[in-house]
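Q: Please read through the structure below; I'll follow up with questions.
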Amino acid sequence: MTAAALDLQILRAFVHAAREGSVSRAAERLHLTQPAVSLQLKRLAEETGLQLFTRTPHGLALTADGAALLPQAERVLAAVGDLQQAARNLQGTVRGALRIGTILDPEFTRLGVFLRELVESAPQIETELRHGMSGTVLAQVLRGELDVGFHLDTDNTNDGDAAASAPFAARTLTRFTYRVVAPAGWGPQVLGRDWKALAALPWLATPPESAHHRLLNRVFGPLGLSPRRAALVDQEASMLDLLKSGVGLSLLRDSIAIRESQSHGLVMADRVQLDCALRFVSLAARRNEPVIASAWNALARAWH
């Protein structure tokens with residue numbers, strides 16, 4: 001007997017006949033005719049060279065050889081069933097690479113929770129994180145260099161979860177406030193001052209791709225003002241260090257501004273502030289691609 005000689009239908013006929021003790025009932029279970037089942041049982045007996053059943057007044061009874069063979073046949077069929085189920089599962093598995101643009105600190109964007117949800121729901125997706133400034137992330141998503149990303153919206157902060165603008169799909173994750181913060185001891189120059197007065201002070205400038213740059217342009221541009229630039233900074237950690245060193249003013253998220261004012265005496269301007277929104281974005285045209293859709297679903301669970 002060769003392995004090829006035994007097809008699965010013959011094994012199924014044998015197992016059902018053994019369980020039912022009847023060719024007719026086995027045929028019903030297999031949706032076959034009785035002669036077809038009888039023929040398959042005959043073929044199995046011929047291929048194995050064994051007598052597998054004896055006939056009794058009540059139907060079929062397994063011989064000792066048949067009883068010994070039955071568990072082996074059941075294991076083969078179970079293994080085939082497992083293989084078929086694994087194949088079906090793989091057909092529905094989302095695979096591919098996901099390039100994610102990140103900004104700010106991971107705690108604020110819930111990056112860890114987002115990635116955990118993604119890994120648990122779609123373990124075959126390979127993620128690549130690229131950290132940058134908000135405007136850079138948006139431009140890279142537009143060019144197809146990133147699949148999804150976090151972005152700070154400085155213009156349209158009152159439109160719910162609608163897209164920031166075509167061609168993007170976007171979800172607003174949280175809204176927050178930027179505060180103008182000055183070094184310790186700068187209270188007289190900052191407290192009670194409006195934007196015009198603050199523009200005359202030295203500032204820590206940021207590149208055009210940063211949310212800070214866009215926010216301050218939105219304020220100073222209409223006033224025809226250009227703040228004094230003490231230094232150009234592209235990282236929040238450097239910005240905070242220069243603030244503590246007394247170099248100039250900067251924008252800080254409200255939670256960080258409050259913490260640093262309490263722990264290091266930094267001064268928060270009390271007459272001005274700027275609203276902003278953290279968003280998750282992808283191209284609207286790619287929103288339903290399996291890998292990107294999995295990212296959106298994971299994000300929804302992370303920010304539920």
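Chain labels A, B, ... are given in the sequence in which chains occur in the structure tokens; within each chain residues are numbered consecutively from 1, and ligands are likewise numbered from 1 in the order shown.
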A:Ser22: which residues within 12 Å, counting only C-alpha atoms, same-chain residues fewer than 3 positions away excluded, as a VMD selection string?

A: chain A and resid 13 to 19 25 to 29 34 37 to 38 41 53 to 62

Q: For A:Phe150, list every protein, DNA or RNA residue within 8 Å, evaluated using only C-alpha atoms, and leave out those in the same chain fewer than 6 positions away; present the list as a ChimeraX atom specification.

A: /A:101-103,109,134,137,278-281

Q: From a DSSP pass on the backbone, collect the residues of stretch 196-252 of chain A flagged as helix (DSSP H, G or I) and hand them back as a PyMOL selection string.

A: chain A and resi 196-199+211-223+236-244

Q: Find the residue from A:Glu47, A:Val23, A:Glu260, A:Asn297 that sits nearest to A:Pro35; use only C-alpha atoms when measuring.

A: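 When distances to A:Pro35 are compared using only C-alpha atoms, the smallest one comes from A:Val23.
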
Q: May I ask for the distance between atom CA of A:Ser263 and atom CA of A:Asp194, given in Å to one decimal place?

A: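 We find that atom CA of A:Ser263 and atom CA of A:Asp194 lie 25.2 Å from each other.
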
Q: Step one, run DSSP on the backbone; step two, keep only residues of stretch 107-204 of chain A assigned to strand (DSSP E); then write them as a PyMOL selection string.

A: chain A and resi 125-131+148-153+168-182+202-204

Q: Filtering to N, CA, C and O atoms, could you give me those residues as a CSV table (one decimal), in the first residue's frame?

A:
chain,number,residue,atom,x,y,z
A,125,ILE,N,1.8,42.2,10.0
A,125,ILE,CA,2.2,43.5,9.5
A,125,ILE,C,3.5,43.9,10.1
A,125,ILE,O,3.7,43.8,11.3
A,126,GLU,N,4.5,44.3,9.3
A,126,GLU,CA,5.8,44.8,9.7
A,126,GLU,C,5.7,46.3,9.8
A,126,GLU,O,5.4,47.0,8.8
A,127,THR,N,6.0,46.9,10.9
A,127,THR,CA,5.9,48.3,11.1
A,127,THR,C,7.3,49.0,11.0
A,127,THR,O,8.3,48.4,11.4
A,128,GLU,N,7.3,50.2,10.5
A,128,GLU,CA,8.5,51.0,10.4
A,128,GLU,C,8.2,52.4,10.9
A,128,GLU,O,7.3,53.0,10.3
A,129,LEU,N,8.8,52.8,11.9
A,129,LEU,CA,8.5,54.1,12.5
A,129,LEU,C,9.6,55.2,12.0
A,129,LEU,O,10.8,54.9,12.0
A,130,ARG,N,9.0,56.3,11.6
A,130,ARG,CA,9.9,57.4,11.2
A,130,ARG,C,9.5,58.7,12.0
A,130,ARG,O,8.4,59.2,11.8
A,131,HIS,N,10.4,59.1,12.8
A,131,HIS,CA,10.1,60.3,13.6
A,131,HIS,C,10.4,61.6,12.9
A,131,HIS,O,11.5,61.7,12.2
A,148,VAL,N,0.8,56.1,7.0
A,148,VAL,CA,-0.1,56.8,8.0
A,148,VAL,C,0.8,57.6,8.9
A,148,VAL,O,2.1,57.5,8.9
A,149,GLY,N,0.3,58.5,9.6
A,149,GLY,CA,1.1,59.3,10.5
A,149,GLY,C,0.3,60.2,11.4
A,149,GLY,O,-0.9,60.4,11.3
A,150,PHE,N,1.0,60.7,12.4
A,150,PHE,CA,0.4,61.7,13.4
A,150,PHE,C,0.8,63.1,12.9
A,150,PHE,O,1.8,63.3,12.4
A,151,HIS,N,-0.2,64.0,13.1
A,151,HIS,CA,0.0,65.3,12.6
A,151,HIS,C,-0.7,66.3,13.5
A,151,HIS,O,-1.7,66.0,14.1
A,152,LEU,N,-0.1,67.5,13.6
A,152,LEU,CA,-0.7,68.6,14.4
A,152,LEU,C,-1.4,69.6,13.5
A,152,LEU,O,-0.7,70.2,12.7
A,153,ASP,N,-2.7,69.7,13.7
A,153,ASP,CA,-3.5,70.6,12.9
A,153,ASP,C,-3.6,71.9,13.6
A,153,ASP,O,-4.0,72.0,14.7
A,168,PHE,N,-6.7,64.0,2.3
A,168,PHE,CA,-6.4,63.2,3.5
A,168,PHE,C,-7.7,62.7,4.1
A,168,PHE,O,-8.7,63.4,4.1
A,169,ALA,N,-7.5,61.5,4.7
A,169,ALA,CA,-8.5,61.1,5.7
A,169,ALA,C,-7.9,61.3,7.1
A,169,ALA,O,-6.7,61.1,7.2
A,170,ALA,N,-8.6,61.9,8.0
A,170,ALA,CA,-8.0,62.2,9.3
A,170,ALA,C,-9.0,62.0,10.4
A,170,ALA,O,-10.2,62.1,10.3
A,171,ARG,N,-8.4,61.7,11.6
A,171,ARG,CA,-9.2,61.6,12.8
A,171,ARG,C,-8.6,62.4,13.9
A,171,ARG,O,-7.4,62.3,14.1
A,172,THR,N,-9.4,63.3,14.5
A,172,THR,CA,-8.9,64.1,15.6
A,172,THR,C,-8.8,63.2,16.8
A,172,THR,O,-9.8,62.6,17.3
A,173,LEU,N,-7.6,63.1,17.4
A,173,LEU,CA,-7.4,62.3,18.6
A,173,LEU,C,-7.6,63.1,19.9
A,173,LEU,O,-8.2,62.6,20.9
A,174,THR,N,-7.1,64.3,19.9
A,174,THR,CA,-7.2,65.1,21.1
A,174,THR,C,-6.9,66.6,20.8
A,174,THR,O,-6.2,66.8,19.8
A,175,ARG,N,-7.5,67.5,21.5
A,175,ARG,CA,-7.3,68.9,21.3
A,175,ARG,C,-6.5,69.4,22.6
A,175,ARG,O,-6.8,68.9,23.7
A,176,PHE,N,-5.6,70.3,22.4
A,176,PHE,CA,-4.8,70.8,23.5
A,176,PHE,C,-4.4,72.3,23.2
A,176,PHE,O,-4.8,72.8,22.1
A,177,THR,N,-3.7,72.8,24.1
A,177,THR,CA,-3.4,74.3,24.0
A,177,THR,C,-1.8,74.4,24.1
A,177,THR,O,-1.2,73.7,24.9
A,178,TYR,N,-1.3,75.3,23.3
A,178,TYR,CA,0.1,75.7,23.4
A,178,TYR,C,0.2,77.0,24.2
A,178,TYR,O,-0.6,77.9,24.0
A,179,ARG,N,1.1,77.0,25.2
A,179,ARG,CA,1.3,78.2,26.0
A,179,ARG,C,2.7,78.8,25.6
A,179,ARG,O,3.6,78.1,25.3
A,180,VAL,N,2.7,80.1,25.6
A,180,VAL,CA,4.0,80.8,25.5
A,180,VAL,C,4.7,80.8,26.8
A,180,VAL,O,4.2,81.2,27.8
A,181,VAL,N,5.9,80.3,26.8
A,181,VAL,CA,6.7,80.1,28.0
A,181,VAL,C,8.0,80.8,27.9
A,181,VAL,O,8.7,80.8,26.9
A,182,ALA,N,8.4,81.5,29.0
A,182,ALA,CA,9.6,82.2,29.1
A,182,ALA,C,10.5,81.7,30.2
A,182,ALA,O,10.1,81.0,31.1
A,202,PRO,N,13.2,87.9,22.5
A,202,PRO,CA,13.9,86.8,21.7
A,202,PRO,C,13.1,85.5,21.8
A,202,PRO,O,12.6,85.1,22.8
A,203,TRP,N,13.0,84.8,20.6
A,203,TRP,CA,12.3,83.6,20.5
A,203,TRP,C,13.2,82.5,20.1
A,203,TRP,O,14.1,82.7,19.3
A,204,LEU,N,12.8,81.2,20.5
A,204,LEU,CA,13.4,80.0,19.9
A,204,LEU,C,12.6,79.7,18.7
A,204,LEU,O,11.4,79.2,18.8

Q: At most 10 Å is the cut-off: for each residue in stretch 173-206 of chain A with any atom that close to an atom of stretch 215-219 of chain A, write down the nearest atom pair and the distance in Å rounded to one decimal, counting only C-alpha atoms, chain first then increasing number, as CSV.

A:
residue,atom,partner,partner_atom,distance
A:Tyr178,CA,A:Leu215,CA,9.1
A:Trp195,CA,A:Val219,CA,7.7
A:Lys196,CA,A:Val219,CA,9.6
A:Ala199,CA,A:Leu216,CA,9.9
A:Ala205,CA,A:Leu216,CA,9.5
A:Thr206,CA,A:Leu216,CA,9.9

Q: Let me make sure I understand: among A:Asp147, A:Gln124, A:Ala231, A:Met268, which one has the smallest atom-to-atom distance to A:Gly192 if we use only C-alpha atoms?

A: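 Looking only at the distances to A:Gly192, the closest residue turns out to be A:Met268.
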
Q: Report, in Å with one decimal, the straight-line distance from atom CA of A:Ser245 to atom CA of A:Pro183.

A: 7.2 Å
